[in-house]
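J.: Hey, dropping data-v3.pdb in here, PDB, C-alpha atoms:
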MODEL        1
ATOM      1  CA  MET A   1      -9.920  99.597  -1.874
ATOM      2  CA  ILE A   2     -12.240 100.936   0.802
ATOM      3  CA  ASP A   3     -14.906 101.692  -1.795
ATOM      4  CA  LEU A   4     -14.672  98.166  -3.147
ATOM      5  CA  GLU A   5     -15.038  96.715   0.335
ATOM      6  CA  ARG A   6     -18.043  98.917   1.029
ATOM      7  CA  SER A   7     -19.527  97.914  -2.314
ATOM      8  CA  LEU A   8     -19.178  94.226  -1.481
ATOM      9  CA  GLU A   9     -20.857  94.719   1.890
ATOM     10  CA  GLU A  10     -23.670  96.644   0.250
ATOM     11  CA  LEU A  11     -24.101  93.969  -2.424
ATOM     12  CA  ALA A  12     -24.299  91.309   0.298
ATOM     13  CA  GLY A  13     -27.055  93.238   2.038
ATOM     14  CA  ARG A  14     -29.063  93.734  -1.130
ATOM     15  CA  ILE A  15     -29.150  90.147  -2.403
ATOM     16  CA  GLU A  16     -32.588  88.677  -1.962
ATOM     17  CA  ILE A  17     -32.235  85.144  -0.617
ATOM     18  CA  PRO A  18     -35.345  83.024  -0.227
ATOM     19  CA  GLY A  19     -35.563  80.642   2.680
ATOM     20  CA  GLU A  20     -34.361  82.846   5.484
ATOM     21  CA  GLN A  21     -37.758  82.817   7.184
ATOM     22  CA  TRP A  22     -38.033  79.039   7.440
ATOM     23  CA  LEU A  23     -34.387  77.910   7.429
ATOM     24  CA  ALA A  24     -34.101  77.307  11.186
ATOM     25  CA  ASP A  25     -37.403  75.408  11.281
ATOM     26  CA  ASP A  26     -36.306  73.263   8.323
ATOM     27  CA  VAL A  27     -32.995  72.489  10.008
ATOM     28  CA  LEU A  28     -34.669  71.460  13.270
ATOM     29  CA  ARG A  29     -37.193  69.317  11.381
ATOM     30  CA  HIS A  30     -34.352  67.498   9.594
ATOM     31  CA  ILE A  31     -32.503  66.930  12.852
ATOM     32  CA  ASP A  32     -35.663  65.621  14.499
ATOM     33  CA  ALA A  33     -36.435  63.219  11.656
ATOM     34  CA  PRO A  34     -33.167  61.791  10.352
ATOM     35  CA  PRO A  35     -33.231  59.951   7.032
ATOM     36  CA  VAL A  36     -34.292  56.306   7.042
ATOM     37  CA  ARG A  37     -31.059  55.334   5.276
ATOM     38  CA  PRO A  38     -29.291  52.751   7.443
ATOM     39  CA  SER A  39     -26.387  54.162   9.319
ATOM     40  CA  ARG A  40     -22.962  52.540   9.452
ATOM     41  CA  SER A  41     -23.646  51.184  12.915
ATOM     42  CA  ARG A  42     -26.685  49.290  11.625
ATOM     43  CA  VAL A  43     -24.858  47.626   8.742
ATOM     44  CA  PRO A  44     -23.196  44.889  10.867
ATOM     45  CA  LEU A  45     -26.535  44.204  12.565
ATOM     46  CA  LEU A  46     -28.284  43.776   9.207
ATOM     47  CA  ALA A  47     -25.458  41.561   7.923
ATOM     48  CA  GLY A  48     -25.797  39.391  11.048
ATOM     49  CA  LEU A  49     -29.543  39.014  10.541
ATOM     50  CA  VAL A  50     -29.060  37.989   6.899
ATOM     51  CA  ALA A  51     -26.378  35.441   7.903
ATOM     52  CA  ALA A  52     -28.664  34.009  10.610
ATOM     53  CA  ALA A  53     -31.506  33.651   8.102
ATOM     54  CA  ILE A  54     -29.205  31.768   5.690
ATOM     55  CA  VAL A  55     -28.067  29.406   8.473
ATOM     56  CA  VAL A  56     -31.694  28.705   9.446
ATOM     57  CA  LEU A  57     -32.507  27.905   5.823
ATOM     58  CA  ILE A  58     -29.601  25.489   5.574
ATOM     59  CA  VAL A  59     -30.161  23.726   8.889
ATOM     60  CA  LEU A  60     -33.949  23.401   9.065
ATOM     61  CA  PRO A  61     -35.494  21.231   6.341
ATOM     62  CA  GLY A  62     -38.955  22.832   6.561
ATOM     63  CA  PRO A  63     -37.914  26.371   5.588
ATOM     64  CA  ARG A  64     -35.379  24.941   3.145
ATOM     65  CA  ARG A  65     -38.100  22.982   1.320
ATOM     66  CA  ALA A  66     -40.398  26.011   1.366
ATOM     67  CA  VAL A  67     -37.763  28.205  -0.231
ATOM     68  CA  ALA A  68     -36.876  25.471  -2.741
ATOM     69  CA  ARG A  69     -40.566  25.149  -3.638
ATOM     70  CA  TRP A  70     -40.783  28.916  -4.030
ATOM     71  CA  LEU A  71     -37.752  28.883  -6.318
ATOM     72  CA  GLY A  72     -39.076  25.909  -8.286
ATOM     73  CA  PHE A  73     -36.465  23.418  -7.070
ATOM     74  CA  ASP A  74     -38.859  21.305  -5.005
ATOM     75  CA  SER A  75     -38.337  18.167  -7.171
ATOM     76  CA  VAL A  76     -34.608  18.231  -6.528
ATOM     77  CA  ARG A  77     -33.551  16.378  -3.389
ATOM     78  CA  ILE A  78     -30.175  16.782  -1.902
ATOM     79  CA  GLU A  79     -29.555  14.325   0.897
ATOM     80  CA  PRO A  80     -26.521  14.054   3.074
ATOM     81  CA  GLY A  81     -24.935  10.700   3.873
ATOM     82  CA  VAL A  82     -23.414   9.667   0.566
ATOM     83  CA  THR A  83     -19.840   8.563   1.259
ATOM     84  CA  VAL A  84     -17.469   9.631  -1.397
ATOM     85  CA  PRO A  85     -14.298   7.529  -1.524
ATOM     86  CA  THR A  86     -11.354   9.588  -0.632
ATOM     87  CA  THR A  87      -8.918   7.529  -2.788
ATOM     88  CA  VAL A  88      -9.570   5.756  -6.042
ATOM     89  CA  THR A  89      -7.260   2.875  -7.082
ATOM     90  CA  VAL A  90      -6.433   3.040 -10.730
ATOM     91  CA  PRO A  91      -4.712  -0.045 -12.223
ATOM     92  CA  THR A  92      -1.311   0.884 -13.446
ATOM     93  CA  THR A  93      -1.208  -1.890 -16.140
ATOM     94  CA  VAL A  94      -4.015  -2.925 -18.399
ATOM     95  CA  THR A  95      -3.887  -6.359 -20.024
ATOM     96  CA  VAL A  96      -4.945  -6.167 -23.627
ATOM     97  CA  PRO A  97      -5.724  -9.548 -25.374
ATOM     98  CA  THR A  98      -3.280 -10.147 -28.166
ATOM     99  CA  THR A  99      -5.806 -12.018 -30.376
ATOM    100  CA  ALA A 100      -9.245 -10.779 -30.974
ATOM    101  CA  THR A 101     -12.047 -13.334 -31.000
ATOM    102  CA  SER A 102     -14.827 -12.977 -33.504
ATOM    103  CA  THR A 103     -17.569 -14.190 -31.298
ATOM    104  CA  ILE A 104     -20.880 -12.497 -31.790
ATOM    105  CA  GLU A 105     -22.745 -11.746 -28.665
ATOM    106  CA  PRO A 106     -25.720 -14.050 -28.482
ATOM    107  CA  GLN A 107     -28.120 -11.308 -27.436
ATOM    108  CA  ILE A 108     -27.764  -9.511 -30.778
ATOM    109  CA  ASP A 109     -30.548 -10.786 -32.982
ATOM    110  CA  LEU A 110     -28.971 -11.238 -36.441
ATOM    111  CA  GLY A 111     -31.115 -14.209 -37.427
ATOM    112  CA  PRO A 112     -30.055 -17.828 -37.655
ATOM    113  CA  ALA A 113     -26.370 -18.550 -38.316
ATOM    114  CA  VAL A 114     -25.659 -19.659 -41.895
ATOM    115  CA  SER A 115     -22.514 -20.642 -43.784
ATOM    116  CA  LEU A 116     -20.562 -18.151 -45.915
ATOM    117  CA  ARG A 117     -21.648 -19.873 -49.142
ATOM    118  CA  GLU A 118     -25.295 -19.763 -48.127
ATOM    119  CA  ALA A 119     -25.008 -16.086 -47.205
ATOM    120  CA  GLU A 120     -23.479 -15.324 -50.642
ATOM    121  CA  ALA A 121     -26.315 -17.197 -52.317
ATOM    122  CA  ARG A 122     -28.986 -15.380 -50.312
ATOM    123  CA  THR A 123     -27.660 -11.826 -50.649
ATOM    124  CA  GLY A 124     -26.091 -12.106 -54.127
ATOM    125  CA  MET A 125     -23.072 -10.216 -52.794
ATOM    126  CA  PRO A 126     -19.509 -11.513 -53.295
ATOM    127  CA  ASP A 127     -17.514 -12.774 -50.371
ATOM    128  CA  PRO A 128     -15.498  -9.766 -49.056
ATOM    129  CA  THR A 129     -13.072 -12.025 -47.261
ATOM    130  CA  PRO A 130      -9.502 -11.918 -48.719
ATOM    131  CA  ALA A 131      -8.565 -15.036 -50.655
ATOM    132  CA  ASP A 132      -5.627 -15.831 -48.378
ATOM    133  CA  ALA A 133      -7.731 -15.601 -45.238
ATOM    134  CA  PRO A 134      -7.925 -18.810 -43.221
ATOM    135  CA  GLU A 135     -10.942 -21.041 -43.752
ATOM    136  CA  GLU A 136     -14.014 -20.330 -41.610
ATOM    137  CA  GLU A 137     -14.553 -22.798 -38.884
ATOM    138  CA  GLU A 138     -17.986 -24.315 -39.206
TER     139      GLU A 138
ATOM    140  CA  MET B   1     -30.484  85.561 -16.026
ATOM    141  CA  TRP B   2     -30.483  88.891 -14.263
ATOM    142  CA  ASN B   3     -33.580  90.251 -12.697
ATOM    143  CA  LEU B   4     -32.774  93.572 -11.189
ATOM    144  CA  PRO B   5     -35.622  95.606  -9.822
ATOM    145  CA  ASP B   6     -35.916  99.242 -10.712
ATOM    146  CA  ALA B   7     -35.062 101.936  -8.240
ATOM    147  CA  GLY B   8     -37.657 102.054  -5.527
ATOM    148  CA  GLY B   9     -37.692  98.283  -4.922
ATOM    149  CA  VAL B  10     -37.943  97.035  -1.394
ATOM    150  CA  TRP B  11     -35.191  95.706   0.831
ATOM    151  CA  THR B  12     -35.961  92.206   1.837
ATOM    152  CA  VAL B  13     -33.039  91.930   4.221
ATOM    153  CA  GLU B  14     -32.214  94.836   6.430
ATOM    154  CA  PRO B  15     -28.525  95.497   6.995
ATOM    155  CA  SER B  16     -29.036  95.107  10.718
ATOM    156  CA  THR B  17     -29.611  91.375  10.282
ATOM    157  CA  MET B  18     -26.022  91.079   9.135
ATOM    158  CA  THR B  19     -24.834  91.620  12.672
ATOM    159  CA  THR B  20     -25.049  89.149  15.497
ATOM    160  CA  GLU B  21     -28.275  89.586  17.382
ATOM    161  CA  SER B  22     -27.892  90.393  21.020
ATOM    162  CA  THR B  23     -29.527  87.743  23.130
ATOM    163  CA  GLU B  24     -29.214  86.738  26.722
ATOM    164  CA  SER B  25     -27.542  83.436  25.946
ATOM    165  CA  SER B  26     -23.976  83.468  24.777
ATOM    166  CA  ASP B  27     -22.726  81.156  22.054
ATOM    167  CA  THR B  28     -20.961  79.089  24.687
ATOM    168  CA  ASP B  29     -24.170  78.610  26.687
ATOM    169  CA  LEU B  30     -26.142  77.693  23.587
ATOM    170  CA  VAL B  31     -23.501  75.178  22.507
ATOM    171  CA  ALA B  32     -23.478  73.589  25.969
ATOM    172  CA  ARG B  33     -27.280  73.295  25.971
ATOM    173  CA  ALA B  34     -27.352  71.988  22.396
ATOM    174  CA  ARG B  35     -24.763  69.363  23.278
ATOM    175  CA  ALA B  36     -26.968  68.295  26.172
ATOM    176  CA  GLY B  37     -29.794  67.665  23.688
ATOM    177  CA  ASP B  38     -31.623  70.982  23.813
ATOM    178  CA  LEU B  39     -32.799  71.375  20.224
ATOM    179  CA  SER B  40     -34.196  74.859  20.830
ATOM    180  CA  ALA B  41     -30.699  76.027  21.825
ATOM    181  CA  PHE B  42     -29.336  74.775  18.527
ATOM    182  CA  GLY B  43     -32.255  76.490  16.772
ATOM    183  CA  ALA B  44     -31.223  79.753  18.438
ATOM    184  CA  LEU B  45     -27.693  79.321  17.095
ATOM    185  CA  VAL B  46     -29.048  78.695  13.597
ATOM    186  CA  ARG B  47     -31.256  81.796  13.777
ATOM    187  CA  ARG B  48     -28.328  83.834  15.015
ATOM    188  CA  TYR B  49     -26.089  82.969  12.063
ATOM    189  CA  GLN B  50     -28.477  82.009   9.282
ATOM    190  CA  SER B  51     -28.238  85.383   7.544
ATOM    191  CA  SER B  52     -24.442  85.172   7.383
ATOM    192  CA  ALA B  53     -24.678  81.518   6.324
ATOM    193  CA  LEU B  54     -27.093  82.236   3.480
ATOM    194  CA  ARG B  55     -25.015  85.139   2.156
ATOM    195  CA  LEU B  56     -21.828  83.130   2.414
ATOM    196  CA  ALA B  57     -23.413  80.205   0.566
ATOM    197  CA  ALA B  58     -24.814  82.504  -2.113
ATOM    198  CA  ALA B  59     -21.496  84.307  -2.624
ATOM    199  CA  ILE B  60     -19.499  81.095  -2.985
ATOM    200  CA  SER B  61     -22.005  79.104  -5.021
ATOM    201  CA  GLY B  62     -23.347  82.088  -6.955
ATOM    202  CA  SER B  63     -26.883  80.794  -6.600
ATOM    203  CA  VAL B  64     -29.496  82.060  -4.190
ATOM    204  CA  ASP B  65     -31.656  79.080  -5.109
ATOM    205  CA  ASP B  66     -29.007  76.683  -3.805
ATOM    206  CA  ALA B  67     -28.052  78.860  -0.820
ATOM    207  CA  ALA B  68     -30.902  77.716   1.442
ATOM    208  CA  ASP B  69     -30.252  74.028   0.679
ATOM    209  CA  ILE B  70     -26.518  74.469   1.263
ATOM    210  CA  ALA B  71     -27.057  76.277   4.564
ATOM    211  CA  GLN B  72     -29.620  73.732   5.735
ATOM    212  CA  GLU B  73     -27.354  70.779   4.964
ATOM    213  CA  ALA B  74     -24.445  72.536   6.644
ATOM    214  CA  PHE B  75     -26.393  73.265   9.847
ATOM    215  CA  VAL B  76     -27.599  69.658  10.031
ATOM    216  CA  LYS B  77     -23.979  68.494   9.685
ATOM    217  CA  ALA B  78     -22.924  71.027  12.309
ATOM    218  CA  HIS B  79     -25.464  69.600  14.743
ATOM    219  CA  ARG B  80     -24.109  66.096  14.145
ATOM    220  CA  SER B  81     -20.529  67.289  14.636
ATOM    221  CA  LEU B  82     -21.226  69.499  17.646
ATOM    222  CA  PRO B  83     -19.437  67.115  20.070
ATOM    223  CA  LYS B  84     -16.248  67.592  18.005
ATOM    224  CA  LEU B  85     -16.224  71.388  18.435
ATOM    225  CA  SER B  86     -13.182  72.029  20.625
ATOM    226  CA  ASP B  87     -13.829  75.663  21.568
ATOM    227  CA  PRO B  88     -17.536  76.580  21.881
ATOM    228  CA  ALA B  89     -16.648  80.280  21.771
ATOM    229  CA  THR B  90     -15.656  79.859  18.104
ATOM    230  CA  VAL B  91     -18.932  78.263  17.062
ATOM    231  CA  LYS B  92     -19.757  81.067  14.609
ATOM    232  CA  GLY B  93     -16.592  80.624  12.556
ATOM    233  CA  TRP B  94     -16.838  76.849  12.901
ATOM    234  CA  MET B  95     -20.416  76.756  11.586
ATOM    235  CA  LEU B  96     -19.652  79.124   8.736
ATOM    236  CA  ARG B  97     -16.655  77.012   7.761
ATOM    237  CA  ILE B  98     -19.013  74.040   7.371
ATOM    238  CA  VAL B  99     -21.311  76.249   5.263
ATOM    239  CA  ALA B 100     -18.381  77.351   3.071
ATOM    240  CA  ASN B 101     -17.222  73.757   2.570
ATOM    241  CA  GLU B 102     -20.733  72.702   1.675
ATOM    242  CA  ALA B 103     -20.997  75.578  -0.811
ATOM    243  CA  LYS B 104     -17.680  74.613  -2.422
ATOM    244  CA  ASN B 105     -18.876  71.023  -2.707
ATOM    245  CA  ASN B 106     -22.011  72.343  -4.361
ATOM    246  CA  VAL B 107     -19.944  74.260  -6.927
ATOM    247  CA  ARG B 108     -17.753  71.215  -7.655
ATOM    248  CA  ALA B 109     -20.769  68.930  -7.997
ATOM    249  CA  ARG B 110     -22.393  71.429 -10.342
ATOM    250  CA  ASN B 111     -19.238  71.574 -12.438
ATOM    251  CA  ARG B 112     -19.180  67.786 -12.575
ATOM    252  CA  ARG B 113     -22.759  67.833 -13.794
ATOM    253  CA  ARG B 114     -21.602  70.201 -16.563
ATOM    254  CA  ARG B 115     -23.742  73.066 -15.440
ATOM    255  CA  ARG B 116     -20.970  75.583 -15.975
ATOM    256  CA  ASP B 117     -23.119  77.502 -18.390
ATOM    257  CA  GLU B 118     -25.180  78.732 -15.472
ATOM    258  CA  THR B 119     -24.397  82.350 -14.832
ATOM    259  CA  TYR B 120     -22.852  83.118 -11.477
ATOM    260  CA  GLY B 121     -24.881  85.570  -9.437
ATOM    261  CA  SER B 122     -28.250  85.079 -11.060
ATOM    262  CA  TRP B 123     -29.815  86.707  -8.065
ATOM    263  CA  VAL B 124     -32.107  89.598  -7.443
ATOM    264  CA  VAL B 125     -30.353  92.666  -6.113
ATOM    265  CA  ALA B 126     -32.773  94.956  -4.386
ATOM    266  CA  ALA B 127     -32.602  98.647  -5.134
ATOM    267  CA  PRO B 128     -31.182 100.821  -2.362
ATOM    268  CA  VAL B 129     -33.548 102.473   0.046
ATOM    269  CA  ASP B 130     -31.654 105.725  -0.210
ATOM    270  CA  PRO B 131     -30.136 105.994  -3.694
ATOM    271  CA  GLU B 132     -28.180 109.086  -2.652
ATOM    272  CA  ALA B 133     -26.330 107.263   0.126
ATOM    273  CA  ALA B 134     -25.853 104.034  -1.802
ATOM    274  CA  ALA B 135     -22.396 103.193  -3.102
ATOM    275  CA  LEU B 136     -23.767 100.832  -5.704
ATOM    276  CA  THR B 137     -26.168 101.475  -8.521
ATOM    277  CA  VAL B 138     -28.091  98.486  -9.805
ATOM    278  CA  ASP B 139     -25.731  98.369 -12.778
ATOM    279  CA  ASP B 140     -22.707  98.476 -10.463
ATOM    280  CA  ALA B 141     -24.159  95.606  -8.456
ATOM    281  CA  ARG B 142     -24.527  93.570 -11.612
ATOM    282  CA  ARG B 143     -20.942  94.221 -12.690
ATOM    283  CA  LEU B 144     -19.616  93.523  -9.213
ATOM    284  CA  SER B 145     -21.474  90.199  -9.051
ATOM    285  CA  ALA B 146     -20.119  89.167 -12.442
ATOM    286  CA  ALA B 147     -16.566  90.098 -11.421
ATOM    287  CA  LEU B 148     -16.945  88.130  -8.188
ATOM    288  CA  GLY B 149     -18.093  85.114 -10.162
ATOM    289  CA  SER B 150     -15.009  85.230 -12.368
ATOM    290  CA  LEU B 151     -12.646  84.895  -9.381
ATOM    291  CA  LYS B 152     -11.181  81.567  -8.314
ATOM    292  CA  LEU B 153     -13.127  79.693  -5.659
ATOM    293  CA  ASP B 154     -10.576  80.358  -2.892
ATOM    294  CA  ASP B 155     -10.472  84.113  -3.609
ATOM    295  CA  ARG B 156     -14.253  84.210  -3.663
ATOM    296  CA  GLN B 157     -14.394  82.293  -0.395
ATOM    297  CA  ILE B 158     -12.159  84.709   1.513
ATOM    298  CA  LEU B 159     -14.151  87.718   0.254
ATOM    299  CA  ALA B 160     -17.397  85.905   1.074
ATOM    300  CA  TYR B 161     -16.255  85.333   4.647
ATOM    301  CA  ARG B 162     -15.269  88.956   5.111
ATOM    302  CA  TYR B 163     -17.954  90.901   3.258
ATOM    303  CA  PHE B 164     -20.936  88.580   2.755
ATOM    304  CA  ALA B 165     -20.893  86.696   6.054
ATOM    305  CA  GLY B 166     -19.648  89.800   7.843
ATOM    306  CA  LEU B 167     -16.837  88.049   9.701
ATOM    307  CA  SER B 168     -13.998  90.031  11.222
ATOM    308  CA  GLU B 169     -10.448  89.187  10.202
ATOM    309  CA  ILE B 170      -9.985  87.132  13.368
ATOM    310  CA  GLU B 171     -13.268  85.281  12.815
ATOM    311  CA  THR B 172     -12.275  84.682   9.200
ATOM    312  CA  ALA B 173      -8.980  83.227  10.376
ATOM    313  CA  THR B 174     -10.914  80.827  12.623
ATOM    314  CA  ALA B 175     -13.346  79.902   9.877
ATOM    315  CA  ALA B 176     -10.697  79.443   7.189
ATOM    316  CA  GLY B 177      -8.296  77.722   9.559
ATOM    317  CA  VAL B 178      -5.368  79.985   8.629
ATOM    318  CA  PRO B 179      -3.322  82.574  10.539
ATOM    319  CA  LEU B 180      -4.483  86.182  10.752
ATOM    320  CA  GLY B 181      -1.671  87.397   8.500
ATOM    321  CA  THR B 182      -2.729  84.944   5.809
ATOM    322  CA  VAL B 183      -6.291  86.255   5.986
ATOM    323  CA  LYS B 184      -5.029  89.820   5.474
ATOM    324  CA  SER B 185      -2.773  88.954   2.544
ATOM    325  CA  ARG B 186      -5.334  86.712   0.861
ATOM    326  CA  THR B 187      -8.064  89.311   1.250
ATOM    327  CA  ALA B 188      -5.860  92.036  -0.212
ATOM    328  CA  ARG B 189      -4.871  89.802  -3.135
ATOM    329  CA  ALA B 190      -8.477  88.841  -3.828
ATOM    330  CA  LEU B 191      -9.544  92.494  -3.770
ATOM    331  CA  VAL B 192      -6.806  93.379  -6.267
ATOM    332  CA  LYS B 193      -8.002  90.619  -8.588
ATOM    333  CA  LEU B 194     -11.596  91.753  -8.178
ATOM    334  CA  ARG B 195     -10.663  95.327  -9.022
ATOM    335  CA  ALA B 196      -8.778  94.122 -12.102
ATOM    336  CA  GLU B 197     -11.849  92.189 -13.217
ATOM    337  CA  LEU B 198     -14.003  95.281 -12.764
ATOM    338  CA  GLU B 199     -11.628  97.437 -14.791
ATOM    339  CA  GLN B 200     -11.715  95.109 -17.758
ATOM    340  CA  PRO B 201     -13.794  96.549 -20.583
TER     341      PRO B 201
ENDMDL
END
In structure tokens, write the structure found in this file.
T.:
Amino acid sequence: MIDLERSLEELAGRIEIPGEQWLADDVLRHIDAPPVRPSRSRVPLLAGLVAAAIVVLIVLPGPRRAVARWLGFDSVRIEPGVTVPTTVTVPTTVTVPTTATSTIEPQIDLGPAVSLREAEARTGMPDPTPADAPEEEE
Amino acid sequence: MWNLPDAGGVWTVEPSTMTTESTESSDTDLVARARAGDLSAFGALVRRYQSSALRLAAAISGSVDDAADIAQEAFVKAHRSLPKLSDPATVKGWMLRIVANEAKNNVRARNRRRRRDETYGSWVVAAPVDPEAAALTVDDARRLSAALGSLKLDDRQILAYRYFAGLSEIETATAAGVPLGTVKSRTARALVKLRAELEQP
């Protein structure tokens, strides 16, 4: 066992390891110049700054418009002040007329009104009205 | 992967650097000054233990190329954690424990990246200055490195503390965070396993 221990110690002494000459200097340089990566203590500060910037954008119309213009939303206007009714009354019963009237809305331009016989004569089409239908009121 | 120089090669690291250099400042003084912001005091601590740290990192990770990066990262972490060190007198074992943990992380990360095919111990072993007095031939060194690489990480770590970092059993107990008796039994077990590996054809 002693020989093995001595062999290990000798092996350790004979391994050539680069970097021994400059290791301490490298370590001190790293300690002097820590990485730029934000530390945990800076994270809340950064989050606060971002939140403040968002609030400024929401509250002040100038920056808000500038950002909207930059994003291409400058034609969209969102204005406060529209009152939305909190309750909407919906009728519970709807009255439906039992007889339908065949009145034609006057604004629809279908030409001058003619009698059924005259329409048959003009179009050459038979009267589609059932034979037992009541007579048209002229 | 092996690049072993022929007999007559030069020693790049003298055995004397394996021991703690004698300086006027004790570890406790250097820790106190480093905690107060004296960077040169921390630099002195790094210089004092860098040889042990590099050998420890190389023995655990099996790569001399990674050893310097591992040791550097570990020393930077040690500097950050210096206020947490409870007993400044144990700074050597404490620093080397950080190095060992960093080296084990390196091995695990390498395994995750599926770099297991890399041969453990692809390092240059210098030829002995006095071949007559040397216990190891170059071929022995190669076989010993390969056997060390085949051990489990924990067995390799305990042997690395003792024989590569040059820690005493008490210092190893501090570094590994286990009782002295555990260090003795683990070391003996790891040596038995290493011997068995070496005796395999």
J.: Could I get the residues of chain A with an atom no further than 8 Å from an atom of chain B, each paired with its nearest atom pair and that distance in Å to one decimal, using all atoms listed in the file, sorted by chain and residue number, as a Markdown table?
T.:
| residue | atom | partner | partner_atom | distance |
| --- | --- | --- | --- | --- |
| A:Met1 | CA | B:Leu191 | CA | 7.4 |
| A:Asp3 | CA | B:Ala135 | CA | 7.7 |
| A:Leu4 | CA | B:Arg195 | CA | 7.7 |
| A:Glu5 | CA | B:Tyr163 | CA | 7.1 |
| A:Arg6 | CA | B:Ala135 | CA | 7.4 |
| A:Ser7 | CA | B:Ala135 | CA | 6.1 |
| A:Leu8 | CA | B:Tyr163 | CA | 5.9 |
| A:Glu9 | CA | B:Tyr163 | CA | 5.0 |
| A:Glu10 | CA | B:Leu136 | CA | 7.3 |
| A:Leu11 | CA | B:Ala141 | CA | 6.3 |
| A:Ala12 | CA | B:Phe164 | CA | 5.0 |
| A:Gly13 | CA | B:Pro15 | CA | 5.6 |
| A:Arg14 | CA | B:Ala126 | CA | 5.1 |
| A:Ile15 | CA | B:Val125 | CA | 4.6 |
| A:Glu16 | CA | B:Val124 | CA | 5.6 |
| A:Ile17 | CA | B:Val64 | CA | 5.5 |
| A:Pro18 | CA | B:Ala68 | CA | 7.1 |
| A:Gly19 | CA | B:Ala68 | CA | 5.6 |
| A:Glu20 | CA | B:Ser51 | CA | 6.9 |
| A:Leu23 | CA | B:Gln72 | CA | 6.6 |
| A:Ala24 | CA | B:Val46 | CA | 5.8 |
| A:Asp25 | CA | B:Gly43 | CA | 7.6 |
| A:Asp26 | CA | B:Gln72 | CA | 7.2 |
| A:Val27 | CA | B:Gln72 | CA | 5.6 |
| A:Leu28 | CA | B:Gly43 | CA | 6.6 |
| A:His30 | CA | B:Val76 | CA | 7.1 |
| A:Ile31 | CA | B:Val76 | CA | 6.3 |
J.: Mind giving me the straight-line distance from CA of Val67 in chain A to CA of Ala47 in chain A in Å, one decimal?
T.: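 For CA of Val67 in chain A relative to CA of Ala47 in chain A, the distance reads 19.9 Å.
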J.: Would you compute an axis-aligned box for range 63-76 of chain B, covering every atom listed for it in the file with 3 Å of margin on each side, and report centre and edge lengths in Å to one decimal as AutoDock Vina command-line options?
T.:
--center_x -28.1 --center_y 75.9 --center_z 1.7 --size_x 13.2 --size_y 18.4 --size_z 22.6
J.: Find, counting all atoms listed in the file, the residue in B:Pro131, B:Pro88, B:Gly62, B:Gly177 that gets nearest to Ala147 in chain B.
T.: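 Of the candidates, the smallest distance to Ala147 in chain B is held by B:Gly62.
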J.: Which distance in Å separates CA of Gly149 in chain B and CA of Arg97 in chain B, to one decimal?
T.: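 Taking CA of Gly149 in chain B and CA of Arg97 in chain B, their separation equals 19.7 Å.
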J.: Measure the distance from CA of Ser86 in chain B to CA of Leu180 in chain B in Å and round it to one decimal.
T.: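 Result for CA of Ser86 in chain B versus CA of Leu180 in chain B: 19.3 Å, one decimal.
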J.: Run through the PyMOL selection byres ((chain B and resi 100) around 8) on the given coordinates and return the selected residues as an MDAnalysis selection string.
T.: chainID B and resid 56:57 60 96:99 101:104 157
